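Novice: There's a structure below that I have some questions on.
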Amino acid sequence: MELGQIEAFERAYREGSFTRAADALNLTQPSVSARIGQLEAELGGPLFTRGGRKLRLTALGRRFLPYAQRALAVLTEGLQEVRSLQAGRAGQVTVAAISTMGVDLLPDPLARFIREYPSVDVLIKRASPAEIIDQLYDGTVVLGLLGAPLFDRGLHILAHFQEEILPVVAPGHPLARLQAERGSLKLADIYPHTVFNVALHPSATAFVRDVVETSRREAGRAMITLPAVMINRLALQGEGVAFLPVSRMQYHVDEGRLVYLRIDDMPRLFNEPLLVALRDRELDPPSAEFVRLIKAQWRHILIG
């Protein structure tokens, strides 16, 4: 039994004529007749009552028709699914990300992706850098978001971002008031205050840890090490100084809920997120489109 035979049978039923079925299928009338004849031979009896102006189904034809229609419907659905997948409109996007970078970089492009590709499943997992690499290799995820530097040659960098890390406090914090009076601050000004310790790019992490240690030594401040999402909340409540990427803080600064500190003797600090995939694995269309949207959203900090 061949698909062309089933198509000829179902179309002849709908059109009520071998001739009209042939026109609809872009075939000759003898070809349609031959296909239906072959199908009847395989089924063991006639599907149509010959004679009259319109074809009529036999008992065998009536019994077989719903199965033929179901088979064609499933095939049509399968073709649509494949075409949607090729167009990036179906399938699945899987990402493993360091929690801080995922929170900072993924929500905005994800919102756009959901609007444009509502039939594509998305799975975003929080993981450590080592776990991200393991999941890329074992196929658990297709994309990884982690921090530079990257030494694994089996991974390909799809996008390299660089964003500045700045200290922020709530508008009512003493340092915000001191800055308003002076115009800028010195590192020594922040030592008497709580400085949150957070994992960032290695060079930035080392600098913040040095500030925290100096604060402990000179002012007896405790070391507070927390996930960045918690530091964000505490900074908004005016509890301390947070060194965080601009992408995380800019909205709150624009809303007037946080203030950037201008510290004259502080080096420029950067966070460098990397979007990566296996070097020898071609991205499927949905994953490629998700990468495109991430790069478009953050093009102002994209450096490679």
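Lettering and numbering for the structure tokens are positional, with chains as A, B, ... in the shown order, residues counted from 1 in each chain, and ligands counted from 1 in the shown order.
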I want to know what sits within 10 Å of Arg112 in chain A, based on only C-alpha atoms, with residues of the same chain fewer than 6 positions away left out; could you give that as a count of residues only?
Specialist: 5
Novice: Might you pull out every residue within 12 Å of Ala12 in chain A, with only C-alpha atoms counted and same-chain residues fewer than 2 positions away left off, and present them as a VMD selection string?
Specialist: chain A and resid 5 to 10 14 to 25 29 32 to 33 35 to 36 47 to 48 54 to 57 61 65
Novice: Listing only residues of range 101-168 of chain A within 12 Å of range 207-212 of chain A, what is the closest atom pair and its distance in Å (to one decimal) for each, using only C-alpha atoms, sorted by chain and residue number ascending, as a Markdown table?
Specialist:
```
| residue | atom | partner | partner_atom | distance |
| --- | --- | --- | --- | --- |
| A:Ile165 | CA | A:Val208 | CA | 10.5 |
| A:Leu166 | CA | A:Val208 | CA | 10.7 |
| A:Pro167 | CA | A:Val208 | CA | 9.9 |
```
Novice: Could the residues in this selection be written to a file with N, CA and C atoms, as a PDB file, in the first residue's frame?
Specialist:
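And here's again.pdb as it stands now:
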```pdb
ATOM      1  N   ILE A 165      30.914  46.563  35.517  1.00  0.00           N
ATOM      2  CA  ILE A 165      30.445  46.304  36.876  1.00  0.00           C
ATOM      3  C   ILE A 165      30.651  47.577  37.679  1.00  0.00           C
ATOM      4  N   LEU A 166      29.587  48.038  38.321  1.00  0.00           N
ATOM      5  CA  LEU A 166      29.653  49.291  39.082  1.00  0.00           C
ATOM      6  C   LEU A 166      29.080  49.076  40.483  1.00  0.00           C
ATOM      7  N   PRO A 167      29.555  49.850  41.441  1.00  0.00           N
ATOM      8  CA  PRO A 167      28.975  49.785  42.790  1.00  0.00           C
ATOM      9  C   PRO A 167      27.678  50.595  42.850  1.00  0.00           C
TER      10      PRO A 167
END
```
Novice: From the set A:Leu145, A:Leu187, A:Leu105, A:Leu123, which residue has the shortest atom-to-atom contact distance to Asp264 in chain A, counting only C-alpha atoms?
Specialist: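 Of all the options, A:Leu187 lies closest to Asp264 in chain A.
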Novice: Calculated over only C-alpha atoms, which of the candidates A:Leu43, A:Val195, A:Ile263, A:Ala71 has the smallest distance to Ile231 in chain A?
Specialist: A:Val195
Novice: Compare A:Pro109, A:Pro267, A:Gly154, A:Gly144 by their minimum atom-to-atom distance to Lys186 in chain A, counting only C-alpha atoms, and give me the closest one.
Specialist: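 For Lys186 in chain A, the nearest of the candidates is A:Pro267.
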Novice: Among range 81-164 of chain A, which residues carry a DSSP assignment of helix (DSSP H, G or I), reported as an NGL selection string?
Specialist: :A and (81-86 or 99-105 or 107-116 or 129-138)
Novice: Quick one: write out the picked residues with N, CA and C atoms as a short mmCIF file (atom, residue, chain, number, x, y, z; two decimals), in the first residue's frame?
Specialist:
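See part-v5.cif below for the written result:
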```
data_model
loop_
_atom_site.label_atom_id
_atom_site.label_comp_id
_atom_site.auth_asym_id
_atom_site.auth_seq_id
_atom_site.Cartn_x
_atom_site.Cartn_y
_atom_site.Cartn_z
N GLU A 81 4.99 20.09 11.02
CA GLU A 81 5.91 20.12 12.15
C GLU A 81 7.35 20.27 11.66
N VAL A 82 7.71 19.51 10.63
CA VAL A 82 9.07 19.58 10.08
C VAL A 82 9.34 20.95 9.49
N ARG A 83 8.37 21.48 8.75
CA ARG A 83 8.57 22.81 8.16
C ARG A 83 8.66 23.88 9.23
N SER A 84 7.87 23.73 10.30
CA SER A 84 7.96 24.68 11.40
C SER A 84 9.31 24.60 12.09
N LEU A 85 9.81 23.36 12.26
CA LEU A 85 11.11 23.18 12.87
C LEU A 85 12.20 23.85 12.04
N GLN A 86 12.13 23.65 10.71
CA GLN A 86 13.12 24.24 9.82
C GLN A 86 13.03 25.77 9.84
N SER A 99 23.53 31.19 37.30
CA SER A 99 22.28 31.83 37.72
C SER A 99 22.30 33.33 37.53
N THR A 100 23.41 33.99 37.90
CA THR A 100 23.45 35.45 37.79
C THR A 100 23.35 35.89 36.35
N MET A 101 24.07 35.22 35.47
CA MET A 101 24.04 35.61 34.06
C MET A 101 22.69 35.30 33.42
N GLY A 102 22.10 34.18 33.82
CA GLY A 102 20.78 33.85 33.30
C GLY A 102 19.75 34.90 33.69
N VAL A 103 19.79 35.32 34.94
CA VAL A 103 18.86 36.35 35.41
C VAL A 103 19.07 37.66 34.67
N ASP A 104 20.33 38.00 34.40
CA ASP A 104 20.64 39.29 33.78
C ASP A 104 20.34 39.31 32.29
N LEU A 105 20.72 38.26 31.57
CA LEU A 105 20.76 38.33 30.11
C LEU A 105 19.62 37.62 29.39
N PRO A 107 16.03 36.95 30.37
CA PRO A 107 14.58 37.23 30.40
C PRO A 107 14.06 38.07 29.23
N ASP A 108 14.74 39.14 28.86
CA ASP A 108 14.22 39.99 27.78
C ASP A 108 14.19 39.29 26.44
N PRO A 109 15.30 38.66 25.99
CA PRO A 109 15.20 37.92 24.73
C PRO A 109 14.27 36.73 24.80
N LEU A 110 14.15 36.12 25.98
CA LEU A 110 13.21 35.00 26.13
C LEU A 110 11.78 35.48 25.94
N ALA A 111 11.43 36.63 26.50
CA ALA A 111 10.07 37.16 26.33
C ALA A 111 9.75 37.37 24.86
N ARG A 112 10.69 37.91 24.11
CA ARG A 112 10.47 38.12 22.68
C ARG A 112 10.37 36.79 21.95
N PHE A 113 11.22 35.84 22.33
CA PHE A 113 11.20 34.52 21.69
C PHE A 113 9.85 33.84 21.89
N ILE A 114 9.31 33.93 23.09
CA ILE A 114 8.01 33.31 23.39
C ILE A 114 6.91 33.93 22.53
N ARG A 115 6.97 35.25 22.36
CA ARG A 115 5.95 35.91 21.52
C ARG A 115 6.05 35.48 20.06
N GLU A 116 7.26 35.35 19.56
CA GLU A 116 7.46 35.07 18.14
C GLU A 116 7.38 33.58 17.82
N PRO A 129 29.65 26.40 36.21
CA PRO A 129 30.38 26.30 34.94
C PRO A 129 30.75 24.87 34.57
N ALA A 130 31.23 24.08 35.52
CA ALA A 130 31.59 22.69 35.22
C ALA A 130 30.37 21.88 34.80
N GLU A 131 29.24 22.10 35.46
CA GLU A 131 28.01 21.39 35.10
C GLU A 131 27.52 21.80 33.72
N ILE A 132 27.67 23.07 33.38
CA ILE A 132 27.26 23.54 32.05
C ILE A 132 28.04 22.81 30.97
N ILE A 133 29.34 22.73 31.15
CA ILE A 133 30.18 22.05 30.15
C ILE A 133 29.81 20.58 30.04
N ASP A 134 29.60 19.92 31.18
CA ASP A 134 29.20 18.50 31.15
C ASP A 134 27.87 18.32 30.41
N GLN A 135 26.92 19.20 30.66
CA GLN A 135 25.60 19.07 30.03
C GLN A 135 25.66 19.35 28.53
N LEU A 136 26.56 20.22 28.11
CA LEU A 136 26.74 20.45 26.67
C LEU A 136 27.29 19.20 26.00
N TYR A 137 28.25 18.56 26.64
CA TYR A 137 28.85 17.36 26.04
C TYR A 137 27.92 16.16 26.04
N ASP A 138 27.10 16.01 27.08
CA ASP A 138 26.22 14.84 27.09
C ASP A 138 24.90 15.09 26.37
#
```
Novice: When you draw a straight line from CA of Tyr260 in chain A to CA of Glu218 in chain A, how long is it in Å?
Specialist: 23.7 Å
Novice: When DSSP works through the backbone of this structure, what residues of range 120-275 of chain A end up as strand (DSSP E), shown as a VMD selection string?
Specialist: chain A and resid 120 to 126 143 to 147 155 to 160 163 to 169 196 to 197 224 to 225 242 to 245 259 to 260 269 to 271 273 to 275
Novice: For the residues selected in the previous step, produce a file with C-alpha atoms as a PDB file, in the first residue's frame.
Specialist:
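After the write, out.pdb holds the following:
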```pdb
ATOM      1  CA  VAL A 120       8.776  26.088  20.783  1.00  0.00           C
ATOM      2  CA  ASP A 121       9.512  24.524  24.172  1.00  0.00           C
ATOM      3  CA  VAL A 122      12.160  26.288  26.269  1.00  0.00           C
ATOM      4  CA  LEU A 123      14.154  24.778  29.135  1.00  0.00           C
ATOM      5  CA  ILE A 124      16.609  26.977  31.049  1.00  0.00           C
ATOM      6  CA  LYS A 125      18.586  25.304  33.819  1.00  0.00           C
ATOM      7  CA  ARG A 126      20.769  26.836  36.523  1.00  0.00           C
ATOM      8  CA  LEU A 143      23.443  26.256  24.687  1.00  0.00           C
ATOM      9  CA  GLY A 144      25.507  27.316  27.681  1.00  0.00           C
ATOM     10  CA  LEU A 145      25.895  30.717  29.343  1.00  0.00           C
ATOM     11  CA  LEU A 146      28.951  31.043  31.549  1.00  0.00           C
ATOM     12  CA  GLY A 147      31.766  33.457  32.295  1.00  0.00           C
ATOM     13  CA  LEU A 155      33.250  24.469  22.772  1.00  0.00           C
ATOM     14  CA  HIS A 156      32.518  27.267  20.340  1.00  0.00           C
ATOM     15  CA  ILE A 157      31.865  30.815  21.552  1.00  0.00           C
ATOM     16  CA  LEU A 158      28.681  32.043  19.873  1.00  0.00           C
ATOM     17  CA  ALA A 159      28.693  35.438  21.589  1.00  0.00           C
ATOM     18  CA  HIS A 160      31.116  37.245  23.887  1.00  0.00           C
ATOM     19  CA  GLU A 163      29.537  44.797  30.544  1.00  0.00           C
ATOM     20  CA  GLU A 164      30.770  47.141  33.203  1.00  0.00           C
ATOM     21  CA  ILE A 165      30.445  46.304  36.876  1.00  0.00           C
ATOM     22  CA  LEU A 166      29.653  49.291  39.082  1.00  0.00           C
ATOM     23  CA  PRO A 167      28.975  49.785  42.790  1.00  0.00           C
ATOM     24  CA  VAL A 168      25.413  50.743  43.684  1.00  0.00           C
ATOM     25  CA  VAL A 169      23.534  51.744  46.826  1.00  0.00           C
ATOM     26  CA  PHE A 196      28.521  42.345  49.603  1.00  0.00           C
ATOM     27  CA  ASN A 197      30.839  39.652  48.302  1.00  0.00           C
ATOM     28  CA  ILE A 224      28.461  38.780  53.541  1.00  0.00           C
ATOM     29  CA  THR A 225      28.633  36.336  50.613  1.00  0.00           C
ATOM     30  CA  ALA A 242      26.747  45.966  45.827  1.00  0.00           C
ATOM     31  CA  PHE A 243      29.138  45.528  42.898  1.00  0.00           C
ATOM     32  CA  LEU A 244      26.989  44.180  40.088  1.00  0.00           C
ATOM     33  CA  PRO A 245      26.768  44.219  36.277  1.00  0.00           C
ATOM     34  CA  VAL A 259      22.389  55.097  42.660  1.00  0.00           C
ATOM     35  CA  TYR A 260      25.719  54.361  40.984  1.00  0.00           C
ATOM     36  CA  LEU A 269      35.623  46.266  36.273  1.00  0.00           C
ATOM     37  CA  PHE A 270      33.889  44.117  33.688  1.00  0.00           C
ATOM     38  CA  ASN A 271      31.796  40.983  33.569  1.00  0.00           C
ATOM     39  CA  PRO A 273      29.433  36.389  29.785  1.00  0.00           C
ATOM     40  CA  LEU A 274      29.981  33.812  27.046  1.00  0.00           C
ATOM     41  CA  LEU A 275      27.226  32.077  25.092  1.00  0.00           C
TER      42      LEU A 275
END
```
